[in-house]
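Pasted below: entry19.txt, compact mmCIF, C-alpha atoms.
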```txt
# COMPACT_ATOMS: atom_id res chain seq x y z
CA MET S 1 -87.86 -11.20 107.99
CA VAL S 2 -85.22 -8.92 109.51
CA PRO S 3 -85.69 -5.32 108.29
CA ILE S 4 -83.16 -4.23 105.66
CA GLY S 5 -82.00 -1.35 107.88
CA HIS S 6 -80.40 -3.82 110.29
CA TYR S 7 -78.30 -5.27 107.50
CA LEU S 8 -77.20 -1.75 106.63
CA PHE S 9 -76.26 -1.09 110.27
CA LEU S 10 -74.18 -4.29 110.34
CA SER S 11 -72.49 -3.28 107.11
CA ALA S 12 -71.74 0.20 108.45
CA ALA S 13 -70.31 -1.26 111.66
CA LEU S 14 -67.97 -3.59 109.74
CA LEU S 15 -66.96 -0.69 107.48
CA GLY S 16 -66.14 1.47 110.52
CA ILE S 17 -64.07 -1.30 112.11
CA GLY S 18 -62.19 -1.75 108.84
CA ILE S 19 -61.48 1.98 108.51
CA VAL S 20 -60.20 2.17 112.10
CA GLY S 21 -57.92 -0.80 111.34
CA VAL S 22 -56.57 0.75 108.15
CA VAL S 23 -55.88 4.11 109.79
CA THR S 24 -54.46 3.05 113.17
CA ARG S 25 -52.53 -0.21 112.71
CA ARG S 26 -48.83 -0.23 111.84
CA ASN S 27 -48.58 -3.81 110.59
CA VAL S 28 -49.21 -3.89 106.83
CA ILE S 29 -50.67 -7.43 106.89
CA ILE S 30 -53.38 -6.31 109.32
CA ILE S 31 -54.05 -3.24 107.16
CA LEU S 32 -54.73 -5.60 104.23
CA MET S 33 -57.02 -7.70 106.46
CA SER S 34 -58.96 -4.54 107.36
CA VAL S 35 -59.38 -3.82 103.65
CA GLU S 36 -60.91 -7.30 103.32
CA LEU S 37 -63.35 -6.41 106.12
CA ILE S 38 -64.35 -3.22 104.25
CA LEU S 39 -64.97 -5.14 100.99
CA ASN S 40 -67.01 -7.66 102.95
CA ALA S 41 -69.20 -4.89 104.38
CA VAL S 42 -69.89 -3.66 100.85
CA ASN S 43 -70.92 -7.18 99.84
CA ILE S 44 -73.44 -7.37 102.69
CA ASN S 45 -74.98 -4.10 101.49
CA LEU S 46 -75.26 -5.30 97.89
CA VAL S 47 -76.82 -8.65 98.81
CA ALA S 48 -79.27 -7.02 101.25
CA PHE S 49 -80.55 -4.62 98.58
CA SER S 50 -80.67 -7.48 96.12
CA ARG S 51 -82.99 -9.28 98.53
CA LEU S 52 -85.10 -6.14 98.92
CA VAL S 53 -85.77 -5.68 95.22
CA GLY S 54 -85.81 -9.40 94.39
CA SER S 55 -83.18 -9.21 91.69
CA VAL S 56 -79.94 -11.11 91.34
CA GLU S 57 -77.84 -8.17 90.07
CA GLY S 58 -76.38 -7.43 93.50
CA HIS S 59 -75.05 -10.97 93.72
CA ILE S 60 -73.20 -10.47 90.42
CA PHE S 61 -71.52 -7.34 91.71
CA ALA S 62 -70.65 -9.11 94.96
CA ILE S 63 -68.95 -11.84 92.90
CA PHE S 64 -66.93 -9.20 91.06
CA ILE S 65 -65.94 -7.63 94.38
CA ILE S 66 -64.79 -11.03 95.66
CA THR S 67 -62.68 -11.41 92.48
CA ASP S 68 -61.17 -7.98 93.13
CA ALA S 69 -60.44 -8.88 96.74
CA ALA S 70 -58.62 -12.04 95.68
CA ALA S 71 -56.49 -10.13 93.15
CA GLU S 72 -55.76 -7.41 95.70
CA ALA S 73 -54.72 -9.94 98.35
CA ALA S 74 -52.40 -11.78 95.95
CA VAL S 75 -50.64 -8.64 94.69
CA GLY S 76 -50.56 -6.94 98.10
CA LEU S 77 -49.06 -9.93 99.85
CA GLY S 78 -46.51 -10.29 97.02
CA ILE S 79 -45.49 -6.66 97.60
CA ILE S 80 -45.21 -7.31 101.34
CA ILE S 81 -42.91 -10.32 100.75
CA ALA S 82 -40.76 -8.35 98.30
CA PHE S 83 -40.53 -5.42 100.70
CA PHE S 84 -39.71 -7.64 103.67
CA ARG S 85 -36.87 -9.20 101.68
CA ASN S 86 -35.34 -5.76 101.09
CA ARG S 87 -36.00 -3.88 104.34
CA GLU S 88 -36.69 -6.55 107.01
CA THR S 89 -39.84 -4.83 108.26
CA VAL S 90 -43.61 -5.13 107.91
CA LEU S 91 -44.47 -1.84 109.63
CA GLY S 92 -46.26 0.64 107.40
CA ASP S 93 -44.67 3.80 108.79
CA GLU S 94 -41.17 2.48 108.09
CA MET S 95 -41.98 2.12 104.40
CA ASP S 96 -40.76 5.63 103.53
CA ILE S 97 -38.27 5.15 100.68
CA LEU S 98 -40.29 7.45 98.41
CA LYS S 99 -40.52 10.21 101.06
CA TRP S 100 -38.02 13.02 101.29
CA MET Q 1 -88.49 -15.79 114.07
CA LEU Q 2 -85.69 -18.28 113.40
CA ASP Q 3 -84.57 -15.96 110.61
CA SER Q 4 -83.91 -13.06 112.93
CA VAL Q 5 -82.27 -15.20 115.63
CA VAL Q 6 -79.81 -16.57 113.02
CA PHE Q 7 -79.17 -13.08 111.66
CA TYR Q 8 -78.46 -11.49 115.04
CA ILE Q 9 -76.15 -14.34 116.12
CA PHE Q 10 -74.13 -14.10 112.90
CA ALA Q 11 -74.10 -10.29 113.01
CA ALA Q 12 -72.78 -10.26 116.58
CA LEU Q 13 -70.16 -12.86 115.63
CA ALA Q 14 -69.07 -10.81 112.60
CA VAL Q 15 -68.75 -7.56 114.54
CA ILE Q 16 -66.93 -9.13 117.51
CA SER Q 17 -64.44 -10.98 115.33
CA GLY Q 18 -63.97 -7.84 113.21
CA ILE Q 19 -63.02 -5.89 116.34
CA LEU Q 20 -60.65 -8.70 117.37
CA VAL Q 21 -59.01 -8.67 113.90
CA VAL Q 22 -58.14 -5.01 114.36
CA THR Q 23 -57.05 -5.14 118.00
CA ARG Q 24 -55.05 -8.38 118.41
CA ARG Q 25 -51.28 -8.08 118.75
CA ASN Q 26 -50.46 -11.44 117.16
CA VAL Q 27 -51.06 -11.49 113.40
CA VAL Q 28 -51.93 -15.21 113.37
CA HIS Q 29 -54.79 -14.56 115.80
CA SER Q 30 -55.97 -11.76 113.53
CA ALA Q 31 -55.98 -14.16 110.58
CA ILE Q 32 -58.07 -16.70 112.50
CA PHE Q 33 -60.58 -14.05 113.56
CA LEU Q 34 -60.68 -12.81 109.96
CA ALA Q 35 -61.75 -16.33 108.96
CA THR Q 36 -64.49 -16.23 111.64
CA ALA Q 37 -65.73 -12.85 110.42
CA LEU Q 38 -65.84 -14.06 106.81
CA LEU Q 39 -67.66 -17.28 107.78
CA SER Q 40 -70.32 -15.37 109.71
CA THR Q 41 -70.75 -13.11 106.69
CA ALA Q 42 -71.37 -16.28 104.69
CA GLY Q 43 -74.12 -17.15 107.19
CA ILE Q 44 -75.66 -13.72 106.66
CA PHE Q 45 -75.61 -14.31 102.90
CA LEU Q 46 -77.48 -17.56 103.46
CA SER Q 47 -80.12 -15.73 105.52
CA LEU Q 48 -80.56 -13.39 102.54
CA HIS Q 49 -81.24 -16.31 100.14
CA ALA Q 50 -77.92 -15.92 98.32
CA GLU Q 51 -76.94 -19.58 98.26
CA PHE Q 52 -74.39 -19.34 95.46
CA LEU Q 53 -72.64 -16.42 97.13
CA PHE Q 54 -72.64 -18.34 100.41
CA ILE Q 55 -70.62 -21.16 98.83
CA VAL Q 56 -68.35 -18.74 96.95
CA GLN Q 57 -67.68 -16.84 100.18
CA ILE Q 58 -66.65 -20.01 102.00
CA ILE Q 59 -64.52 -21.43 99.17
CA VAL Q 60 -62.83 -18.27 97.88
CA TYR Q 61 -62.65 -16.06 100.96
CA THR Q 62 -62.22 -18.46 103.82
CA GLY Q 63 -60.55 -21.26 101.91
CA GLY Q 64 -58.42 -19.16 99.59
CA ILE Q 65 -57.66 -15.68 100.82
CA THR Q 66 -57.30 -16.49 104.53
CA VAL Q 67 -54.94 -19.39 103.74
CA LEU Q 68 -52.94 -16.99 101.54
CA TYR Q 69 -52.62 -14.64 104.52
CA VAL Q 70 -51.47 -17.47 106.78
CA PHE Q 71 -48.84 -18.51 104.21
CA VAL Q 72 -47.48 -14.96 104.02
CA ILE Q 73 -47.38 -14.75 107.81
CA MET Q 74 -45.28 -17.92 107.79
CA LEU Q 75 -42.93 -16.52 105.12
CA VAL Q 76 -42.46 -13.19 106.89
CA ASN Q 77 -40.55 -13.27 110.14
CA LEU Q 78 -42.80 -11.44 112.60
CA ASP Q 79 -40.96 -12.03 115.87
CA VAL Q 80 -39.43 -8.55 115.77
CA ALA Q 81 -42.67 -6.79 114.84
CA LEU Q 82 -44.48 -8.59 117.65
CA HIS Q 83 -42.57 -6.66 120.31
CA GLN Q 84 -42.97 -3.22 118.75
CA VAL Q 85 -45.74 -0.69 119.19
CA GLN Q 86 -48.76 -1.97 117.25
CA PHE Q 87 -50.71 1.25 116.82
CA ASN Q 88 -49.55 4.52 115.30
CA ARG Q 89 -50.61 7.94 116.58
CA GLN Q 90 -53.52 8.47 114.22
CA TRP Q 91 -56.32 7.39 116.54
CA LEU Q 92 -57.74 10.93 116.44
CA VAL Q 93 -58.12 10.69 112.64
CA ALA Q 94 -59.69 7.25 113.03
CA LEU Q 95 -62.11 8.54 115.66
CA LEU Q 96 -63.07 11.50 113.48
CA LEU Q 97 -63.57 9.29 110.42
CA SER Q 98 -65.73 6.83 112.36
CA ILE Q 99 -67.86 9.61 113.84
CA VAL Q 100 -68.38 11.24 110.44
CA LEU Q 101 -69.21 7.90 108.85
CA GLY Q 102 -71.59 6.94 111.66
CA ALA Q 103 -73.37 10.30 111.47
CA GLN Q 104 -73.68 9.93 107.71
CA VAL Q 105 -75.20 6.44 107.95
CA ALA Q 106 -77.52 7.52 110.76
CA ALA Q 107 -78.66 10.56 108.78
CA ALA Q 108 -79.25 8.48 105.65
CA LEU Q 109 -81.24 5.89 107.58
CA ALA Q 110 -83.24 8.54 109.44
CA LEU Q 111 -84.07 10.41 106.22
CA SER Q 112 -85.10 7.27 104.37
CA ARG Q 113 -86.73 5.64 107.39
CA GLY Q 114 -90.22 5.80 106.00
CA SER Q 115 -89.45 4.52 102.53
CA LEU Q 116 -86.83 1.99 103.61
CA TYR Q 117 -89.02 0.25 106.15
CA SER Q 118 -92.34 0.53 104.33
CA MET Q 119 -90.93 -0.65 101.01
CA PRO Q 120 -92.29 -4.15 100.41
CA VAL Q 121 -89.64 -6.88 100.46
CA ALA Q 122 -89.74 -9.00 97.33
CA PRO Q 123 -90.80 -12.63 97.86
CA ALA Q 124 -87.85 -14.98 98.35
CA THR Q 125 -89.02 -17.19 95.49
CA GLN Q 126 -87.89 -14.48 93.07
CA LEU Q 127 -84.28 -15.40 93.84
CA GLU Q 128 -84.83 -19.10 93.14
CA PRO Q 129 -83.16 -21.05 91.63
CA ASN Q 130 -80.29 -18.90 92.76
CA THR Q 131 -77.29 -20.46 90.99
CA GLU Q 132 -79.14 -20.70 87.70
CA GLN Q 133 -80.19 -17.05 87.84
CA VAL Q 134 -76.67 -15.92 88.74
CA ALA Q 135 -75.23 -17.94 85.86
CA TRP Q 136 -77.81 -16.61 83.43
CA SER Q 137 -77.13 -13.02 84.43
CA LEU Q 138 -73.35 -13.52 84.46
CA PHE Q 139 -73.17 -15.07 81.01
CA HIS Q 140 -75.71 -12.83 79.29
CA THR Q 141 -75.96 -9.34 80.73
CA TYR Q 142 -72.54 -9.22 82.38
CA MET Q 143 -70.50 -11.18 79.85
CA LEU Q 144 -67.94 -8.41 79.18
CA PRO Q 145 -67.27 -7.58 82.86
CA PHE Q 146 -66.85 -11.31 83.44
CA GLU Q 147 -64.12 -11.49 80.80
CA VAL Q 148 -62.47 -8.36 82.16
CA ALA Q 149 -62.44 -9.96 85.61
CA SER Q 150 -60.64 -12.99 84.20
CA VAL Q 151 -58.01 -10.71 82.66
CA LEU Q 152 -57.69 -8.96 86.04
CA LEU Q 153 -57.06 -12.30 87.74
CA LEU Q 154 -54.42 -13.20 85.14
CA VAL Q 155 -52.65 -9.87 85.68
CA ALA Q 156 -52.79 -10.31 89.45
CA MET Q 157 -51.34 -13.81 89.16
CA ILE Q 158 -48.44 -12.64 86.99
CA GLY Q 159 -47.88 -9.67 89.29
CA ALA Q 160 -47.78 -11.85 92.40
CA VAL Q 161 -45.31 -14.27 90.78
CA VAL Q 162 -43.02 -11.44 89.62
CA MET Q 163 -43.20 -9.64 92.98
CA SER Q 164 -42.20 -12.63 95.06
CA LYS Q 165 -39.42 -13.87 92.77
CA LYS Q 166 -35.99 -13.90 94.38
CA ARG Q 167 -34.13 -12.01 91.66
CA VAL Q 168 -36.01 -9.88 89.10
```
Encoding of this model in structure tokens:
Amino acid sequence: MVPIGHYLFLSAALLGIGIVGVVTRRNVIIILMSVELILNAVNINLVAFSRLVGSVEGHIFAIFIITDAAAEAAVGLGIIIAFFRNRETVLGDEMDILKW
Amino acid sequence: MLDSVVFYIFAALAVISGILVVTRRNVVHSAIFLATALLSTAGIFLSLHAEFLFIVQIIVYTGGITVLYVFVIMLVNLDVALHQVQFNRQWLVALLLSIVLGAQVAAALALSRGSLYSMPVAPATQLEPNTEQVAWSLFHTYMLPFEVASVLLLVAMIGAVVMSKKRV
């Protein structure tokens, strides 16, 4: 059995990669993909602790997180399509209509 | 032994494809590597005896969400964005955030090292039969959150339809 700490390290690594993607990329689609990576890292944590204590509760929460990720992807990509139709860009730092 | 070999292979695959998702210039390549990362996460779930979640991960994440991304990439014309600068100037913030996060995780693991590694791992038979236990828990203890999640999905569906309509 792999020690639980290694699962936590993997989860932290994926979380770090996702955060770097969210902060540094300009393309909004890739920012959304990085958010998916972050949610995935959380799921690994939950399932690993679920295995440690021998209870199925962590799996339930992982299912809810997957539901959330699906909703977020649908709405986020809808926003991207609507924005692209108006402004012809997918770059995050050009989305500044609300700035002044 | 086989357990740990499978885990380390899938973990390396997940981390490498995660890095490629963030660094590739072409968005389609990023989507493909996202699918790889999600599939290797499914393998890690299987090594943790979460069979139901393994199937859900493959069907919902890889089969649903990644295909949704590919569809949006097809709908959005990316030829212009492909030739522009891909990274903004916030790499210092990203570096700082990663260092802080890494230090936090390292500190937490170092502080809990004794208890985390000496804590006995529950026998795998406690999670069997996995799908039945998940269903039991979902429809008894977590009935209300389950219903709320269905409402959330309905709202997301309506929102996505309204957002991508031609004329509101």
For this session: Give me, as a PyMOL selection string, the contact residues of chain Q against chain S at a cut-off of 6 Å, counting all atoms listed in the file.
Result: chain Q and resi 4+22+86-88+90-91+94+98+121-122+126+153+156+160+163-164
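The gap separating atom CA of Q:Leu38 from atom CA of Q:Glu147 is 26.2 Å, in Å to one decimal.
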- request: Would you mind reading off the distance between atom CA of Q:Leu95 and atom CA of Q:Leu116, one decimal, in Å?
  value: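 A separation of 28.3 Å between them.
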- Query: Hey, what's within 7 Å of Q:Gly18 if we count only C-alpha atoms and toss same-chain stuff fewer than 2 positions away? As a ChimeraX atom specification, please?
  - Reply: /S:14,17 /Q:14-16,20-22,34,37
Axis-aligned box for stretch 25-40 of chain Q, 8 Å per side, centre and edges in Å as JSON:
```
{"center_x": -60.4, "center_y": -12.7, "center_z": 112.8, "size_x": 35.9, "size_y": 25.2, "size_z": 27.9}
```
Taken to one decimal, the atom CA of Q:Gln133-atom CA of Q:Glu51 distance is 11.2 Å
Find, counting all atoms listed in the file, the residue in Q:Thr125, Q:Ser47, Q:Asn130, Q:Thr66 that gets nearest to Q:His29.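 That would be Q:Thr66, the residue with the smallest distance to Q:His29.
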Excluding Q:Met74 and any residue of its chain fewer than 4 positions from it, enumerate the residues within 12 Å of it, using only C-alpha atoms, and give them as a PDB file with C-alpha atoms, in the frame of the given file.
```pdb
ATOM      1  CA  ILE S  29     -50.670  -7.430 106.890  1.00  0.00           C
ATOM      2  CA  LEU S  77     -49.060  -9.930  99.850  1.00  0.00           C
ATOM      3  CA  ILE S  81     -42.910 -10.320 100.750  1.00  0.00           C
TER       4      ILE S  81
ATOM      5  CA  VAL Q  27     -51.060 -11.490 113.400  1.00  0.00           C
ATOM      6  CA  VAL Q  28     -51.930 -15.210 113.370  1.00  0.00           C
ATOM      7  CA  ALA Q  31     -55.980 -14.160 110.580  1.00  0.00           C
ATOM      8  CA  VAL Q  67     -54.940 -19.390 103.740  1.00  0.00           C
ATOM      9  CA  LEU Q  68     -52.940 -16.990 101.540  1.00  0.00           C
ATOM     10  CA  TYR Q  69     -52.620 -14.640 104.520  1.00  0.00           C
ATOM     11  CA  VAL Q  70     -51.470 -17.470 106.780  1.00  0.00           C
ATOM     12  CA  LEU Q  78     -42.800 -11.440 112.600  1.00  0.00           C
ATOM     13  CA  ASP Q  79     -40.960 -12.030 115.870  1.00  0.00           C
TER      14      ASP Q  79
END
```
